[in-house]
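Asks: Mind looking over this structure? Questions follow.
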Amino acid sequence: MRPFTGNLTGGKVALRRSPKAARLWERLFLSAGLVLLAICVFAYVHRALMLRVAMSNFEHAKKEATNNRNEYKVDAAADRNTAETTGDGQPSLPEDSHVRNTAPIVRRVREVPLAILRIPKIQLEVPVLKGTDDITLNRGVGQIAGTAAPGEMGNIGIAGHRDGFFRNLKEVNKGDVIELETTAVSEIYVVDHIMVTGPDDVSVLKPRDTQSLTLVTCYPFHFIGPAARRFIVEATRKR
């Protein structure tokens with residue numbers, strides 16, 4: 001009877017090849033893991049850097065706005081004094097007033113946040129940018145299109161990622177304070193409603209009876225994949 005050796009030979013070959021295949025898969029998985037880690041680190045560093053830049057730009061813009069308001073007050077006072085003390089006793093404008101008022105002001109172009117949102121309860125301080133696309137929400141929180149902008153009358157809608165700047169929004173409770181600072185004014189809001197709603201429920205963004213602020217993020221917070229609902233925090237401006 002002839003011994004059958006085909007399977008044994010094939011088995012030996014398979015055994016000899018399997019360690020090489022295993023090492024290859026290990027290297028592939030290791031490389032993929034390193035690539036994903038590099039992407040995560042880059043995204044984190046990029047967000048931290050852009051956050052710092054946005055905060056710096058806001059402080060520069062705020063300082064410029066304050067200086068411009070002070071200069072306007074000084075110029076207005078000087079114009080009044082000049083008009084009251086002319087040689088013939090008659091009011092008149094200074095000769096260079098037209099040149100001063102119409103001279104172009106050249107400033108360095110930079111992206112300035114619409115406002116700074118602060119929630120002391122969760123130690124959040126983040127720039128409010130225009131728009132709600134992923135790139136914008138990676139650098140801050142975004143004003144929702146169609147809602148009032150910070151500093152305007154109406155319902156100011158602001159969105160953020162549940163795994164980003166709004167990750168701790170679930171810890172906010174009724175009565176907590178929210179500050180919204182523009183380059184011109186700082187407004188204080190008090191949380192009065194917290195709810196979970198559907199993604200198509202835009203009623204929460206409609207104007208309310210008083211000056212209001214609505215924060216929106218996805219819900220559930222720890223859900224893997226696209227979240228099916230929205231977590232809403234509504235606040236009313238403190239008078």
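Ligands are numbered from 1 in the order shown, chains are lettered A, B, ... in the order of the structure tokens, and residues start at 1 in each chain.
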If you count only C-alpha atoms, which residues fall within 12 Å of Asn173 (chain A), apart from same-chain ones fewer than 3 positions away, as number ranges by chain?

Replies: A: 119-122, 168-170, 176-178, 190-195, 232-235

Asks: Output C-alpha atoms for every residue in the selection just made, as a compact mmCIF listing (two decimals), in the first residue's frame.

Replies:
```txt
# COMPACT_ATOMS: atom_id res chain seq x y z
CA ILE A 119 -19.45 78.09 30.67
CA PRO A 120 -17.81 78.20 34.12
CA LYS A 121 -19.66 75.06 35.29
CA ILE A 122 -17.70 72.87 32.86
CA ASN A 168 -19.20 68.04 28.87
CA LEU A 169 -22.36 69.92 27.94
CA LYS A 170 -24.37 67.10 29.53
CA ASP A 176 -26.04 77.61 35.37
CA VAL A 177 -24.46 80.71 33.88
CA ILE A 178 -23.24 81.10 30.29
CA VAL A 190 -28.93 81.70 32.55
CA VAL A 191 -29.91 78.15 31.55
CA ASP A 192 -33.68 77.63 31.81
CA HIS A 193 -34.41 74.56 29.62
CA ILE A 194 -32.56 71.33 28.80
CA MET A 195 -34.09 68.81 26.40
CA ILE A 232 -30.43 71.17 23.54
CA VAL A 233 -29.52 73.76 26.19
CA GLU A 234 -31.62 76.93 26.18
CA ALA A 235 -30.68 80.02 28.14
```

Asks: Which residues are close to Arg239 (chain A), i.e. within 12 Å by only C-alpha atoms, leaving aside same-chain residues fewer than 4 positions away? Reply as a short mmCIF file (atom, residue, chain, number, x, y, z; two decimals) with N, CA and C atoms, in the first residue's frame.

Replies:
```cif
data_model
loop_
_atom_site.label_atom_id
_atom_site.label_comp_id
_atom_site.auth_asym_id
_atom_site.auth_seq_id
_atom_site.Cartn_x
_atom_site.Cartn_y
_atom_site.Cartn_z
N GLU A 187 -22.30 89.46 27.51
CA GLU A 187 -23.67 89.18 27.93
C GLU A 187 -23.70 87.90 28.77
N ILE A 188 -24.53 87.92 29.80
CA ILE A 188 -24.68 86.78 30.69
C ILE A 188 -26.05 86.14 30.44
N TYR A 189 -26.04 84.81 30.26
CA TYR A 189 -27.27 84.04 30.05
C TYR A 189 -27.41 83.02 31.18
N VAL A 190 -28.65 82.69 31.51
CA VAL A 190 -28.93 81.70 32.55
C VAL A 190 -29.72 80.55 31.91
N THR A 210 -37.82 86.44 24.84
CA THR A 210 -36.72 87.25 25.34
C THR A 210 -35.44 86.92 24.60
N GLN A 211 -34.42 87.77 24.78
CA GLN A 211 -33.12 87.52 24.17
C GLN A 211 -32.59 86.18 24.69
N SER A 212 -32.23 85.27 23.77
CA SER A 212 -31.93 83.90 24.19
C SER A 212 -30.73 83.32 23.46
#
```

Asks: Within 12 Å of Ile224 (chain A), counting only C-alpha atoms, which residues qualify if same-chain residues fewer than 4 places away don't, as a ChimeraX atom specification?

Replies: /A:162-163,218-220,228

Asks: Just to be explicit: take each residue in the selection above, keep C-alpha atoms, and write the result as a PDB file, in the first residue's frame.

Replies:
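So the final result, stored in result-v1.pdb, reads:
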```
ATOM      1  CA  ARG A 162     -20.382  66.004  21.347  1.00  0.00           C
ATOM      2  CA  ASP A 163     -16.862  64.525  21.246  1.00  0.00           C
ATOM      3  CA  CYS A 218     -25.563  65.403  19.082  1.00  0.00           C
ATOM      4  CA  TYR A 219     -27.044  62.829  21.474  1.00  0.00           C
ATOM      5  CA  PRO A 220     -26.349  60.287  22.979  1.00  0.00           C
ATOM      6  CA  ALA A 228     -29.914  60.071  16.046  1.00  0.00           C
TER       7      ALA A 228
END
```

Asks: Find the distance between CA of Asp201 (chain A) and CA of Gly160 (chain A) and write it in Å to one decimal.

Replies: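 According to the coordinates, CA of Asp201 (chain A) and CA of Gly160 (chain A) are separated by 16.8 Å.
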
Asks: For Gln143 (chain A), which of A:Ala38, A:Ala115, A:Leu24, A:Val53 is the closest residue, counting only C-alpha atoms?

Replies: A:Ala115

Asks: May I ask for the distance between CA of Glu181 (chain A) and CA of Leu117 (chain A), given in Å to one decimal place?

Replies: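 Interatomic distance here is 6.6 Å.
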
Asks: How far is it from CA of Val126 (chain A) to CA of Ser56 (chain A), in Å with one decimal?

Replies: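 Separation between CA of Val126 (chain A) and CA of Ser56 (chain A): 11.7 Å.
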
Asks: Using only C-alpha atoms for the distances, tell me which of A:Pro113, A:Pro19, A:Gly33, A:Gly146 is nearest to Pro207 (chain A).

Replies: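 Nearest to Pro207 (chain A): A:Gly146.
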
Asks: Just list the residues in region 99-229 of chain A DSSP gives alpha helix (DSSP H) on the backbone, as a ChimeraX atom specification.

Replies: /A:99-102,134-139

Asks: How would the residues just picked look written out with N, CA and C atoms as a PDB file, in the first residue's frame?

Replies:
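See selection12.pdb below for the written result:
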```pdb
ATOM      1  N   VAL A  99     -10.581 114.757   5.722  1.00  0.00           N
ATOM      2  CA  VAL A  99      -9.459 113.865   5.453  1.00  0.00           C
ATOM      3  C   VAL A  99      -9.344 112.814   6.554  1.00  0.00           C
ATOM      4  N   ARG A 100      -9.510 113.251   7.799  1.00  0.00           N
ATOM      5  CA  ARG A 100      -9.370 112.318   8.902  1.00  0.00           C
ATOM      6  C   ARG A 100     -10.478 111.261   8.886  1.00  0.00           C
ATOM      7  N   ASN A 101     -11.697 111.687   8.566  1.00  0.00           N
ATOM      8  CA  ASN A 101     -12.830 110.768   8.627  1.00  0.00           C
ATOM      9  C   ASN A 101     -12.882 109.798   7.455  1.00  0.00           C
ATOM     10  N   THR A 102     -12.280 110.180   6.330  1.00  0.00           N
ATOM     11  CA  THR A 102     -12.368 109.329   5.145  1.00  0.00           C
ATOM     12  C   THR A 102     -11.067 108.611   4.826  1.00  0.00           C
ATOM     13  N   ASP A 134     -17.396  70.605   9.558  1.00  0.00           N
ATOM     14  CA  ASP A 134     -16.476  69.860  10.419  1.00  0.00           C
ATOM     15  C   ASP A 134     -15.187  70.624  10.691  1.00  0.00           C
ATOM     16  N   ILE A 135     -14.656  71.306   9.683  1.00  0.00           N
ATOM     17  CA  ILE A 135     -13.410  72.050   9.876  1.00  0.00           C
ATOM     18  C   ILE A 135     -13.622  73.163  10.902  1.00  0.00           C
ATOM     19  N   THR A 136     -14.756  73.857  10.801  1.00  0.00           N
ATOM     20  CA  THR A 136     -15.053  74.933  11.750  1.00  0.00           C
ATOM     21  C   THR A 136     -15.224  74.378  13.158  1.00  0.00           C
ATOM     22  N   LEU A 137     -15.981  73.295  13.292  1.00  0.00           N
ATOM     23  CA  LEU A 137     -16.261  72.748  14.615  1.00  0.00           C
ATOM     24  C   LEU A 137     -15.061  72.021  15.212  1.00  0.00           C
ATOM     25  N   ASN A 138     -14.012  71.823  14.441  1.00  0.00           N
ATOM     26  CA  ASN A 138     -12.781  71.287  15.001  1.00  0.00           C
ATOM     27  C   ASN A 138     -11.949  72.390  15.634  1.00  0.00           C
ATOM     28  N   ARG A 139     -12.232  73.654  15.241  1.00  0.00           N
ATOM     29  CA  ARG A 139     -11.474  74.799  15.768  1.00  0.00           C
ATOM     30  C   ARG A 139     -12.241  75.580  16.821  1.00  0.00           C
TER      31      ARG A 139
END
```

Asks: Would you list, as a VMD selection string, the residues of region 91-231 of chain A that end up in strand (DSSP E or B) under DSSP run on this structure's backbone?

Replies: chain A and resid 115 to 119 124 to 130 141 to 143 155 to 159 177 to 181 186 to 197 212 to 219 229 to 231

Asks: Those same residues - C-alpha atoms - I'd like them written as a PDB file, in the first residue's frame.

Replies:
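In the end it all went to again-v6.pdb:
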```
ATOM      1  CA  ALA A 115     -17.518  85.848  20.163  1.00  0.00           C
ATOM      2  CA  ILE A 116     -16.086  83.842  23.026  1.00  0.00           C
ATOM      3  CA  LEU A 117     -18.391  81.358  24.758  1.00  0.00           C
ATOM      4  CA  ARG A 118     -17.686  80.604  28.415  1.00  0.00           C
ATOM      5  CA  ILE A 119     -19.449  78.088  30.670  1.00  0.00           C
ATOM      6  CA  LEU A 124     -15.286  75.807  28.909  1.00  0.00           C
ATOM      7  CA  GLU A 125     -13.852  78.769  27.020  1.00  0.00           C
ATOM      8  CA  VAL A 126     -14.123  78.471  23.244  1.00  0.00           C
ATOM      9  CA  PRO A 127     -14.327  80.800  20.227  1.00  0.00           C
ATOM     10  CA  VAL A 128     -17.609  81.081  18.343  1.00  0.00           C
ATOM     11  CA  LEU A 129     -17.011  80.902  14.583  1.00  0.00           C
ATOM     12  CA  LYS A 130     -19.350  81.319  11.636  1.00  0.00           C
ATOM     13  CA  VAL A 141     -18.127  76.065  18.125  1.00  0.00           C
ATOM     14  CA  GLY A 142     -20.206  77.497  15.292  1.00  0.00           C
ATOM     15  CA  GLN A 143     -23.083  79.915  14.828  1.00  0.00           C
ATOM     16  CA  ASN A 155     -32.181  83.548  19.420  1.00  0.00           C
ATOM     17  CA  ILE A 156     -28.449  82.859  19.016  1.00  0.00           C
ATOM     18  CA  GLY A 157     -27.934  79.245  17.922  1.00  0.00           C
ATOM     19  CA  ILE A 158     -24.520  77.676  18.563  1.00  0.00           C
ATOM     20  CA  ALA A 159     -23.513  74.112  17.667  1.00  0.00           C
ATOM     21  CA  VAL A 177     -24.463  80.711  33.876  1.00  0.00           C
ATOM     22  CA  ILE A 178     -23.238  81.102  30.289  1.00  0.00           C
ATOM     23  CA  GLU A 179     -21.193  84.109  29.151  1.00  0.00           C
ATOM     24  CA  LEU A 180     -21.080  85.283  25.553  1.00  0.00           C
ATOM     25  CA  GLU A 181     -18.484  87.981  24.917  1.00  0.00           C
ATOM     26  CA  SER A 186     -20.229  90.759  27.369  1.00  0.00           C
ATOM     27  CA  GLU A 187     -23.672  89.176  27.927  1.00  0.00           C
ATOM     28  CA  ILE A 188     -24.684  86.777  30.688  1.00  0.00           C
ATOM     29  CA  TYR A 189     -27.273  84.043  30.053  1.00  0.00           C
ATOM     30  CA  VAL A 190     -28.934  81.699  32.546  1.00  0.00           C
ATOM     31  CA  VAL A 191     -29.914  78.148  31.553  1.00  0.00           C
ATOM     32  CA  ASP A 192     -33.682  77.627  31.814  1.00  0.00           C
ATOM     33  CA  HIS A 193     -34.407  74.563  29.623  1.00  0.00           C
ATOM     34  CA  ILE A 194     -32.564  71.330  28.801  1.00  0.00           C
ATOM     35  CA  MET A 195     -34.090  68.806  26.402  1.00  0.00           C
ATOM     36  CA  VAL A 196     -33.437  66.042  23.889  1.00  0.00           C
ATOM     37  CA  THR A 197     -35.118  66.354  20.508  1.00  0.00           C
ATOM     38  CA  SER A 212     -31.933  83.901  24.190  1.00  0.00           C
ATOM     39  CA  LEU A 213     -29.114  81.492  23.493  1.00  0.00           C
ATOM     40  CA  THR A 214     -29.495  77.892  22.267  1.00  0.00           C
ATOM     41  CA  LEU A 215     -26.647  75.365  22.388  1.00  0.00           C
ATOM     42  CA  VAL A 216     -26.945  72.243  20.213  1.00  0.00           C
ATOM     43  CA  THR A 217     -24.958  69.019  20.077  1.00  0.00           C
ATOM     44  CA  CYS A 218     -25.563  65.403  19.082  1.00  0.00           C
ATOM     45  CA  TYR A 219     -27.044  62.829  21.474  1.00  0.00           C
ATOM     46  CA  ARG A 229     -30.980  62.870  18.400  1.00  0.00           C
ATOM     47  CA  ARG A 230     -29.967  66.335  19.563  1.00  0.00           C
ATOM     48  CA  PHE A 231     -29.127  67.635  23.046  1.00  0.00           C
TER      49      PHE A 231
END
```

Asks: Please determine, counting only C-alpha atoms, which residue among A:Pro150, A:His222, A:Thr183, A:Glu111 has the shortest atom-to-atom distance to Lys62 (chain A).

Replies: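 So, comparing all the options, the nearest one is A:Thr183.
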